[in-house]
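**Q** Quick one: the structure is below, questions incoming.
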Amino acid sequence: MTENIESKDAPASEGERELVLPGDVLAEGKFKAGSGTYFENGKIYAAQLGIKSVRANFINVVPLAGQYIPKVGDQVIAIIIDMGPSNWLTEINSPYPAPLHITEVPWRVDFGDTARYLKVGDVILARILMVDEVKHVQVSMKDRSLRKLQGGLLMEIPHSKVPRVIGRNGSMIQMIKEFTGCRIIVGQNGRIWIDGTTDSVTVAVRAIKKIDEEAQCLGLTERLKEFLETEMKDKKV
Amino acid sequence: MGGITTDIKLIDEKGLRLDGRRPDELRPLKIEAGVLRRADGSAYVEWGENKVLAAVYGPRECHPRHRQNPARAIVQCNYNMASFSVSDRKRPGPDRRSQEISKIISEALEHVVFTHLFPRTSIDVYIEVLQANAGTRCAGLTAASVALADAGVPMKDLIASCAAGKVADTIILDLRKEEDNFGQADVPLGIVPRTGEIVLLQMDGDLTVEEFNTALTMATDACYRIYETQKDALRQKYCVSKDDIAGDIEEAAENIEESKKENELEQQDDVPDDQEGGQ
C-alpha cells in the first residue's frame with residue numbers, strides 16, 4: 001500500500017493494476033488519454049481516484065467513487081417523481097432528473113392521461129434515450145425488456161460497484177441468481193431490483209451488500225459462493 | 001496584527017517556539033479519508049490542536065435553480081466554526097469571517113475541479129471546525145480537497161495548504177494560536193502541488209518583500225509535505241494492492257453488455273406483466 005504509485009518513467013505494462021489519485025502522472029508519449037484522465041503538456045494525468053487501466057493505447061482510470069452520470073444506452077432503474085400531461089419525471093440516482101415522454105412508453109397514452117399508467121413512486125426499468133451537451137437526459141421504455149417493476153425489493157449500491165456485482169461475463173450475478181432463485185435486475189445507476197421468496201431475497205440482499213463492502217478484496221467470488229452455500233443450505237427455494 | 005503586545009516569549013533564546021518547534025517545523029498532521037457514511041466524500045484533519053471535518057456532496061442538482069450554470073458545475077463551500085471550537089464561545093452562525101473563508105475556499109477548489117463535466121449541478125463542500133487553534137482555513141482547504149477526491153470528483157490535483165508568518169521578527173511556519181494573535185503577520189497559502197500554482201494567498205499584517213518571499217517559500221515547501229500526507233490518507237482508505245482483483249472491475253465493465261443480455265434473459269423467464277391501465 002505504501003508502494004510508490006507514481007510511474008513517472010516507464011508507463012506500467014498492460015495488466016498491471018494500481019491505485020491512482022487525482023494529479024498522478026499516468027503516462028506520456030504514445031498513449032492516449034481515456035476516461036477519468038486528462039492531458040496536459042504532453043503527459044497524461046489521473047483526474048479521479050481509481051484504478052489505472054491500459055487498453056488499446058488508451059489510459060483510463062476506472063473510478064472507485066463518484067456519482068452516476070447517465071450515458072446513452074444504459075439500462076437504469078428509475079423512480080417516478082412527478083407527472084405532467086405528456087410526460088413523467090423520473091429520478092435515476094444521478095444529478096440530473098430524467099423525463100419520460102408518453103411517446104417513449106410501450107402504451108398508447110392520451111394527453112393528460114399519464115396517471116393511469118405510471119404513478120409517483122412507481123419503479124420502472126428504463127433505458128437512457130438521450131443525453132445532450134448540457135446533460136439534459138431523456139429515458140425511454142420502448143424496448144421489449146423494459147417495463148414497470150412490480151413487487152420485489154429495490155436496493156441501492158454505489159454505481160462504481162455495479163461491475164463487481166455483475167462480475168466477469170455476468171458470473172457474479174448469475175451465481176446469486178442460481179443460489180437464491182431470485183429474479184434480479186441490476187441497473188447501471190446502482191439500483192438493484194430483487195424479487196423472490198422473502199428468505200431468498202434476504203440472502204440475495206446480504207450477498208450484494210457483501211460485494212459492496214468487499215468490492216476491493218481478493219477472492220471475493222469464492223467467499224461469496226461459500227456464503228451463499230451456507231446461507232441457502234437450510235432454505236428450500 | 002502587530003498592534004497587540006504580550007509578555008509571552010514567542011521565540012526563546014534557542015530559537016524555538018512556544019511548543020518547542022523550530023521556525024520551519026509543522027505541527028503534527030493527521031488526515032483520515034471517508035469518515036462520514038452519508039456524505040459522498042469526507043475527510044477529517046487533526047493539525048496540531050485544530051480539528052476539522054469536511055464533507056462533500058455531489059455533483060448534485062443545484063438549488064436554487066437560478067444559481068445553476070448551464071455550462072459547468074458550481075462549487076459551493078460552507079465553512080463553519082462550532083461555537084465550542086474556541087475558548088470563548090463563538091456566536092454561532094455565519095459571520096463576516098466565515099463568509100470570506102467559504103468564498104476563498106470555494107474559489108480555490110473550483111480551480112482544480114473539472115466543473116465542465118457536470119453542467120447545471122453544484123458540488124457542495126461543508127467544512128466544520130470542531131476545534132480551532134489558528135490555521136483553520138488551511139486545515140479546512142486541505143481536508144476539503146481530500147474529501148473531494150474521496151467523493152470521486154474529477155479534478156486536476158489535490159490542493160495542499162499551509163500558513164507562514166512573522167513572529168518576534170522571525171519568519172515561521174504554521175502559526176499556532178498565540179503566535180497568530182501576538183505575531184506580526186500571517187500568510188495562508190494554498191497551492192496545486194503538481195503545477196505549483198497558487199490558488200489561495202492572503203496576508204494579514206505587514207512583511208517586506210524579502211520576508212514575504214521567505215514566508216512563501218517556506219509555506220510552499222510545507223505544502224508538498226502536506227500533499228504526501230493527503231495522498232497517504234486516500235491510499236489508506238482505498239488500499240488496493242497490485243495483484244488485487246480490483247483489476248477485474250474494469251474487465252467487468254467491459255461486460256456490461258453481457259449484463260444487459262442477462263437482464264433480457266431474465267425478462268424472458270418472467271411472466272410478462274400485463275400493462276395495467278388498459279389499452
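Identifiers in the C-alpha cells: chain A, B, ... in order shown; residue index from 1 per chain; ligand index from 1 in order shown.
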Set the distance at 10 Å and use only C-alpha atoms: which residues neighbour Leu158 of chain B once local chain neighbours fewer than 6 positions away are removed? I'd like the list as a VMD selection string.
**A** (chain A and resid 21 to 24 47) or (chain B and resid 109 112 to 113 141 to 149 191 to 194 227 230 to 231)
**Q** Atoms to include: C-alpha atoms. Write the selected residues as a PDB file, in the first residue's frame.
**A**
ATOM      1  CA  LEU A  21      -5.098   9.694  -7.173  1.00  0.00           C
ATOM      2  CA  PRO A  22      -6.026  12.935  -8.935  1.00  0.00           C
ATOM      3  CA  GLY A  23      -2.881  14.537 -10.313  1.00  0.00           C
ATOM      4  CA  ASP A  24      -0.821  11.343 -10.579  1.00  0.00           C
ATOM      5  CA  ALA A  47      -8.374  13.113 -12.890  1.00  0.00           C
TER       6      ALA A  47
ATOM      7  CA  LEU B 109     -11.447  24.331  -5.170  1.00  0.00           C
ATOM      8  CA  VAL B 112      -8.934  22.273  -9.644  1.00  0.00           C
ATOM      9  CA  VAL B 113     -12.314  20.593 -10.144  1.00  0.00           C
ATOM     10  CA  LEU B 141      -8.936  23.525   2.483  1.00  0.00           C
ATOM     11  CA  THR B 142      -6.603  20.559   2.997  1.00  0.00           C
ATOM     12  CA  ALA B 143      -9.486  18.474   4.328  1.00  0.00           C
ATOM     13  CA  ALA B 144     -11.887  19.645   1.623  1.00  0.00           C
ATOM     14  CA  SER B 145      -9.622  18.574  -1.214  1.00  0.00           C
ATOM     15  CA  VAL B 146      -9.167  15.110   0.293  1.00  0.00           C
ATOM     16  CA  ALA B 147     -12.941  14.880   0.704  1.00  0.00           C
ATOM     17  CA  LEU B 148     -13.426  15.859  -2.956  1.00  0.00           C
ATOM     18  CA  ALA B 149     -11.065  13.147  -4.127  1.00  0.00           C
ATOM     19  CA  ILE B 191      -1.187  25.523  -3.910  1.00  0.00           C
ATOM     20  CA  VAL B 192      -1.772  22.938  -6.608  1.00  0.00           C
ATOM     21  CA  PRO B 193       1.291  20.831  -5.845  1.00  0.00           C
ATOM     22  CA  ARG B 194       1.699  19.314  -9.298  1.00  0.00           C
ATOM     23  CA  TYR B 227       0.355  16.806  -0.066  1.00  0.00           C
ATOM     24  CA  GLN B 230      -3.145  13.789   1.927  1.00  0.00           C
ATOM     25  CA  LYS B 231      -2.290  11.138  -0.635  1.00  0.00           C
TER      26      LYS B 231
END
**Q** Residues at most 9 Å from Arg60 of chain B, counting only C-alpha atoms, excluding those fewer than 2 positions away in the same chain, as a list of chain:residue names?
**A**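 Near neighbours after the sequence-gap exclusion: A:Gln67, A:Ser94, A:Pro95, A:Tyr96, B:Tyr57, B:Gly58, B:Cys62, B:Phe118, B:Arg120, B:Thr121, B:Ser122, B:Ile123, B:Asp124.
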**Q** Write the residues of the preceding selection, restricted to N, CA and C atoms, as an mmCIF file, in the first residue's frame.
**A**
data_model
loop_
_atom_site.group_PDB
_atom_site.id
_atom_site.type_symbol
_atom_site.label_atom_id
_atom_site.label_comp_id
_atom_site.auth_asym_id
_atom_site.auth_seq_id
_atom_site.Cartn_x
_atom_site.Cartn_y
_atom_site.Cartn_z
ATOM 1 N N GLN A 67 -20.550 10.034 -8.631
ATOM 2 C CA GLN A 67 -21.961 9.996 -8.970
ATOM 3 C C GLN A 67 -22.179 9.286 -10.307
ATOM 4 N N SER A 94 -28.922 10.157 -10.160
ATOM 5 C CA SER A 94 -27.846 10.956 -10.736
ATOM 6 C C SER A 94 -28.183 12.421 -10.486
ATOM 7 N N PRO A 95 -27.269 13.339 -10.752
ATOM 8 C CA PRO A 95 -27.596 14.743 -10.504
ATOM 9 C C PRO A 95 -28.672 15.293 -11.430
ATOM 10 N N TYR A 96 -29.029 14.529 -12.446
ATOM 11 C CA TYR A 96 -29.955 15.055 -13.445
ATOM 12 C C TYR A 96 -31.270 14.295 -13.446
ATOM 13 N N TYR B 57 -20.778 16.736 -0.963
ATOM 14 C CA TYR B 57 -21.992 16.162 -1.540
ATOM 15 C C TYR B 57 -22.045 16.556 -3.002
ATOM 16 N N GLY B 58 -22.298 15.603 -3.851
ATOM 17 C CA GLY B 58 -22.460 15.950 -5.248
ATOM 18 C C GLY B 58 -21.378 15.383 -6.130
ATOM 19 N N CYS B 62 -28.591 21.459 -8.629
ATOM 20 C CA CYS B 62 -28.306 22.728 -7.985
ATOM 21 C C CYS B 62 -29.594 23.468 -7.621
ATOM 22 N N PHE B 118 -19.903 18.491 -15.352
ATOM 23 C CA PHE B 118 -21.187 18.353 -14.674
ATOM 24 C C PHE B 118 -22.008 19.629 -14.789
ATOM 25 N N ARG B 120 -24.862 22.373 -14.820
ATOM 26 C CA ARG B 120 -26.100 22.592 -14.077
ATOM 27 C C ARG B 120 -26.116 21.956 -12.684
ATOM 28 N N THR B 121 -24.987 21.518 -12.195
ATOM 29 C CA THR B 121 -25.008 20.902 -10.872
ATOM 30 C C THR B 121 -24.238 21.753 -9.870
ATOM 31 N N SER B 122 -24.322 21.368 -8.633
ATOM 32 C CA SER B 122 -23.474 22.011 -7.632
ATOM 33 C C SER B 122 -22.718 20.937 -6.871
ATOM 34 N N ILE B 123 -21.499 21.259 -6.533
ATOM 35 C CA ILE B 123 -20.697 20.385 -5.685
ATOM 36 C C ILE B 123 -20.591 21.111 -4.349
ATOM 37 N N ASP B 124 -21.171 20.520 -3.330
ATOM 38 C CA ASP B 124 -21.258 21.216 -2.046
ATOM 39 C C ASP B 124 -20.219 20.690 -1.071
#
**Q** Given only C-alpha atoms as the basis, pick out the residue of B:Pro70, B:Gly20, B:Gly93, B:Gly135 nearest to Glu46 of chain B.
**A**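 The answer is B:Gly135, which sits nearest to Glu46 of chain B.
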**Q** Give me the residues near Asn41 of chain A as a PDB file with C-alpha atoms, in the first residue's frame, where near means some atom within 12 Å (using only C-alpha atoms) and where sequence neighbours in that chain fewer than 6 positions away do not count.
**A**
ATOM      1  CA  VAL A  25       1.175  11.007 -13.783  1.00  0.00           C
ATOM      2  CA  ALA A  27       1.972   8.090 -18.902  1.00  0.00           C
ATOM      3  CA  GLU A  28       3.488  10.142 -21.614  1.00  0.00           C
ATOM      4  CA  GLY A  29       4.283   9.535 -25.244  1.00  0.00           C
TER       5      GLY A  29
ATOM      6  CA  THR B 195       1.980  22.639 -11.080  1.00  0.00           C
TER       7      THR B 195
END
**Q** Would you please extract all strand (DSSP E or B) residues from segment 13-222 of chain A, as assigned by DSSP on the backbone, and give them as a PyMOL selection string?
**A** chain A and resi 18-20+25-28+32-33+37-40+43-46+50-55+58-63+75-83+87-91+98-101+123-131+137-140+148-149+153-156+183-186+191-195
**Q** Within 12 Å of Arg27 of chain B, counting only C-alpha atoms, which residues show up once you throw out same-chain ones fewer than 5 positions away? Write them as number ranges by chain, please.
**A** B: 17-22, 46-50, 133-135, 139, 162-163, 172-177, 222, 225-226
**Q** Using N, CA and C atoms, can you export the residues from the last selection as a PDB file, in the first residue's frame?
**A**
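Full text of out.pdb as output:
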ATOM      1  N   ARG B  17      10.084  27.678  19.430  1.00  0.00           N
ATOM      2  CA  ARG B  17       8.806  28.338  19.656  1.00  0.00           C
ATOM      3  C   ARG B  17       8.113  27.812  20.906  1.00  0.00           C
ATOM      4  N   LEU B  18       6.952  28.345  21.175  1.00  0.00           N
ATOM      5  CA  LEU B  18       6.205  28.004  22.390  1.00  0.00           C
ATOM      6  C   LEU B  18       6.060  26.501  22.581  1.00  0.00           C
ATOM      7  N   ASP B  19       5.756  25.796  21.481  1.00  0.00           N
ATOM      8  CA  ASP B  19       5.561  24.356  21.592  1.00  0.00           C
ATOM      9  C   ASP B  19       6.839  23.586  21.234  1.00  0.00           C
ATOM     10  N   GLY B  20       7.964  24.291  21.257  1.00  0.00           N
ATOM     11  CA  GLY B  20       9.240  23.622  21.038  1.00  0.00           C
ATOM     12  C   GLY B  20       9.581  23.378  19.582  1.00  0.00           C
ATOM     13  N   ARG B  21       8.785  23.951  18.674  1.00  0.00           N
ATOM     14  CA  ARG B  21       9.071  23.737  17.254  1.00  0.00           C
ATOM     15  C   ARG B  21      10.162  24.676  16.780  1.00  0.00           C
ATOM     16  N   ARG B  22      10.877  24.227  15.744  1.00  0.00           N
ATOM     17  CA  ARG B  22      11.788  25.124  15.056  1.00  0.00           C
ATOM     18  C   ARG B  22      10.949  26.040  14.155  1.00  0.00           C
ATOM     19  N   GLU B  46      -6.662  16.419  11.736  1.00  0.00           N
ATOM     20  CA  GLU B  46      -6.178  16.915  13.021  1.00  0.00           C
ATOM     21  C   GLU B  46      -4.809  17.511  12.766  1.00  0.00           C
ATOM     22  N   TRP B  47      -4.722  18.790  12.999  1.00  0.00           N
ATOM     23  CA  TRP B  47      -3.496  19.506  12.650  1.00  0.00           C
ATOM     24  C   TRP B  47      -3.113  20.316  13.880  1.00  0.00           C
ATOM     25  N   GLY B  48      -2.160  19.801  14.643  1.00  0.00           N
ATOM     26  CA  GLY B  48      -1.873  20.417  15.932  1.00  0.00           C
ATOM     27  C   GLY B  48      -3.122  20.336  16.778  1.00  0.00           C
ATOM     28  N   GLU B  49      -3.586  21.455  17.266  1.00  0.00           N
ATOM     29  CA  GLU B  49      -4.810  21.428  18.056  1.00  0.00           C
ATOM     30  C   GLU B  49      -6.042  21.790  17.223  1.00  0.00           C
ATOM     31  N   ASN B  50      -5.899  21.823  15.914  1.00  0.00           N
ATOM     32  CA  ASN B  50      -7.058  22.031  15.045  1.00  0.00           C
ATOM     33  C   ASN B  50      -7.735  20.700  14.761  1.00  0.00           C
ATOM     34  N   ASN B 133      -7.235  26.351  16.450  1.00  0.00           N
ATOM     35  CA  ASN B 133      -6.012  26.844  17.077  1.00  0.00           C
ATOM     36  C   ASN B 133      -5.148  27.510  16.021  1.00  0.00           C
ATOM     37  N   ALA B 134      -5.730  28.425  15.271  1.00  0.00           N
ATOM     38  CA  ALA B 134      -5.080  29.154  14.178  1.00  0.00           C
ATOM     39  C   ALA B 134      -4.740  28.239  13.006  1.00  0.00           C
ATOM     40  N   GLY B 135      -4.991  28.746  11.828  1.00  0.00           N
ATOM     41  CA  GLY B 135      -4.702  27.963  10.627  1.00  0.00           C
ATOM     42  C   GLY B 135      -5.848  27.067  10.216  1.00  0.00           C
ATOM     43  N   ALA B 139      -6.320  24.170   7.184  1.00  0.00           N
ATOM     44  CA  ALA B 139      -6.752  22.827   7.548  1.00  0.00           C
ATOM     45  C   ALA B 139      -8.044  22.482   6.809  1.00  0.00           C
ATOM     46  N   CYS B 162      -1.082  25.619   3.629  1.00  0.00           N
ATOM     47  CA  CYS B 162      -0.333  25.821   4.859  1.00  0.00           C
ATOM     48  C   CYS B 162      -0.077  27.319   5.037  1.00  0.00           C
ATOM     49  N   ALA B 163       0.142  27.736   6.269  1.00  0.00           N
ATOM     50  CA  ALA B 163       0.396  29.155   6.502  1.00  0.00           C
ATOM     51  C   ALA B 163       1.822  29.381   6.975  1.00  0.00           C
ATOM     52  N   ILE B 172       8.210  32.332  10.477  1.00  0.00           N
ATOM     53  CA  ILE B 172       7.960  30.974  10.960  1.00  0.00           C
ATOM     54  C   ILE B 172       6.826  30.332  10.168  1.00  0.00           C
ATOM     55  N   LEU B 173       6.775  29.011  10.279  1.00  0.00           N
ATOM     56  CA  LEU B 173       5.807  28.227   9.532  1.00  0.00           C
ATOM     57  C   LEU B 173       4.678  27.787  10.461  1.00  0.00           C
ATOM     58  N   ASP B 174       3.457  27.741   9.903  1.00  0.00           N
ATOM     59  CA  ASP B 174       2.337  27.102  10.589  1.00  0.00           C
ATOM     60  C   ASP B 174       2.113  27.646  12.000  1.00  0.00           C
ATOM     61  N   LEU B 175       1.602  28.857  12.057  1.00  0.00           N
ATOM     62  CA  LEU B 175       1.430  29.550  13.334  1.00  0.00           C
ATOM     63  C   LEU B 175       0.379  28.880  14.211  1.00  0.00           C
ATOM     64  N   ARG B 176       0.652  28.823  15.506  1.00  0.00           N
ATOM     65  CA  ARG B 176      -0.378  28.387  16.438  1.00  0.00           C
ATOM     66  C   ARG B 176      -1.071  29.637  17.003  1.00  0.00           C
ATOM     67  N   LYS B 177      -2.046  29.403  17.858  1.00  0.00           N
ATOM     68  CA  LYS B 177      -2.926  30.494  18.251  1.00  0.00           C
ATOM     69  C   LYS B 177      -2.195  31.717  18.821  1.00  0.00           C
ATOM     70  N   ALA B 222       6.276  23.360   2.748  1.00  0.00           N
ATOM     71  CA  ALA B 222       5.422  22.634   3.686  1.00  0.00           C
ATOM     72  C   ALA B 222       4.223  22.027   2.972  1.00  0.00           C
ATOM     73  N   ARG B 225       4.875  18.674   1.678  1.00  0.00           N
ATOM     74  CA  ARG B 225       4.862  17.646   2.731  1.00  0.00           C
ATOM     75  C   ARG B 225       3.420  17.273   3.055  1.00  0.00           C
ATOM     76  N   ILE B 226       2.564  18.289   3.121  1.00  0.00           N
ATOM     77  CA  ILE B 226       1.154  18.051   3.441  1.00  0.00           C
ATOM     78  C   ILE B 226       0.495  17.224   2.344  1.00  0.00           C
TER      79      ILE B 226
END
**Q** Using only C-alpha atoms, can you tell me which of B:Val86, B:Leu117, B:Leu201, B:Ala108 comes closest to chain A?
**A**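 When distances to chain A are compared using only C-alpha atoms, the smallest one comes from B:Leu117.
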**Q** In Å, with one decimal, what is the gap from atom CA of Thr202 of chain A to atom CA of Leu153 of chain A?
**A** 9.6 Å
**Q** Which is closer to chain B than all the others in A:Asn189, A:Gln75, A:Ser140, A:Asn87, using only C-alpha atoms?
**A**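 Closest to chain B of all the choices is A:Gln75.
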**Q** As an exercise, work out the distance from atom CA of Phe227 of chain A to atom CA of Ala215 of chain A in Å and give it to one decimal place.
**A**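 Atom CA of Ala215 of chain A lies at a distance of 15.0 Å from atom CA of Phe227 of chain A.
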**Q** With only C-alpha atoms as the counted atoms, please give the residues lying no more than 12 Å from Ile92 of chain A, apart from itself and same-chain residues fewer than 3 positions off, as a PyMOL selection string.
**A** chain A and resi 67-71+74-81+89+95-100+123-128+137-139+156+159+187-192
**Q** Considering only C-alpha atoms, can you say which of B:Ala151, B:Ala71, B:Leu189, B:Val167 comes closest to Arg38 of chain B?
**A**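 Residue with the minimum atom-to-atom distance to Arg38 of chain B: B:Ala151.
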**Q** Report the distance between atom CA of Tyr38 of chain A and atom CA of Phe58 of chain A in Å, rounded to one decimal place.
**A**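 If I compute the distance from atom CA of Tyr38 of chain A to atom CA of Phe58 of chain A, I get 11.6 Å.
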**Q** Name the residues of segment 189-235 of chain B that fall into helix (DSSP H, G or I) according to DSSP on the backbone, using the chain letters and numbers of this document, as a list in words.
**A**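 Residues meeting the helix (DSSP H, G or I) criterion: Val209, Glu210, Glu211, Phe212, Asn213, Thr214, Ala215, Leu216, Thr217, Met218, Ala219, Thr220, Asp221, Ala222, Cys223, Tyr224, Arg225, Ile226, Tyr227, Glu228, Thr229, Gln230, Lys231, Asp232, Ala233, Leu234 and Arg235 of chain B.
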**Q** Would you mind exporting the chosen residues as a tab-separated table (two decimals), in the first residue's frame, restricted to C-alpha atoms?
**A**
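Result saved to result_39.tsv:
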chain	number	residue	atom	x	y	z
B	209	VAL	CA	9.24	41.80	0.02
B	210	GLU	CA	12.16	39.66	1.24
B	211	GLU	CA	10.24	38.48	4.28
B	212	PHE	CA	7.24	37.70	2.12
B	213	ASN	CA	9.32	35.67	-0.29
B	214	THR	CA	10.89	33.69	2.55
B	215	ALA	CA	7.45	33.02	4.02
B	216	LEU	CA	6.10	31.96	0.64
B	217	THR	CA	8.98	29.54	0.00
B	218	MET	CA	8.64	28.11	3.49
B	219	ALA	CA	4.89	27.60	3.13
B	220	THR	CA	5.26	26.13	-0.36
B	221	ASP	CA	7.76	23.55	0.86
B	222	ALA	CA	5.42	22.63	3.69
B	223	CYS	CA	2.53	22.23	1.23
B	224	TYR	CA	4.44	19.48	-0.57
B	225	ARG	CA	4.86	17.65	2.73
B	226	ILE	CA	1.15	18.05	3.44
B	227	TYR	CA	0.36	16.81	-0.07
B	228	GLU	CA	2.08	13.49	0.73
B	229	THR	CA	0.03	13.11	3.91
B	230	GLN	CA	-3.14	13.79	1.93
B	231	LYS	CA	-2.29	11.14	-0.64
B	232	ASP	CA	-1.39	8.64	2.07
B	233	ALA	CA	-4.77	9.21	3.69
B	234	LEU	CA	-6.56	8.41	0.44
B	235	ARG	CA	-4.40	5.36	-0.28
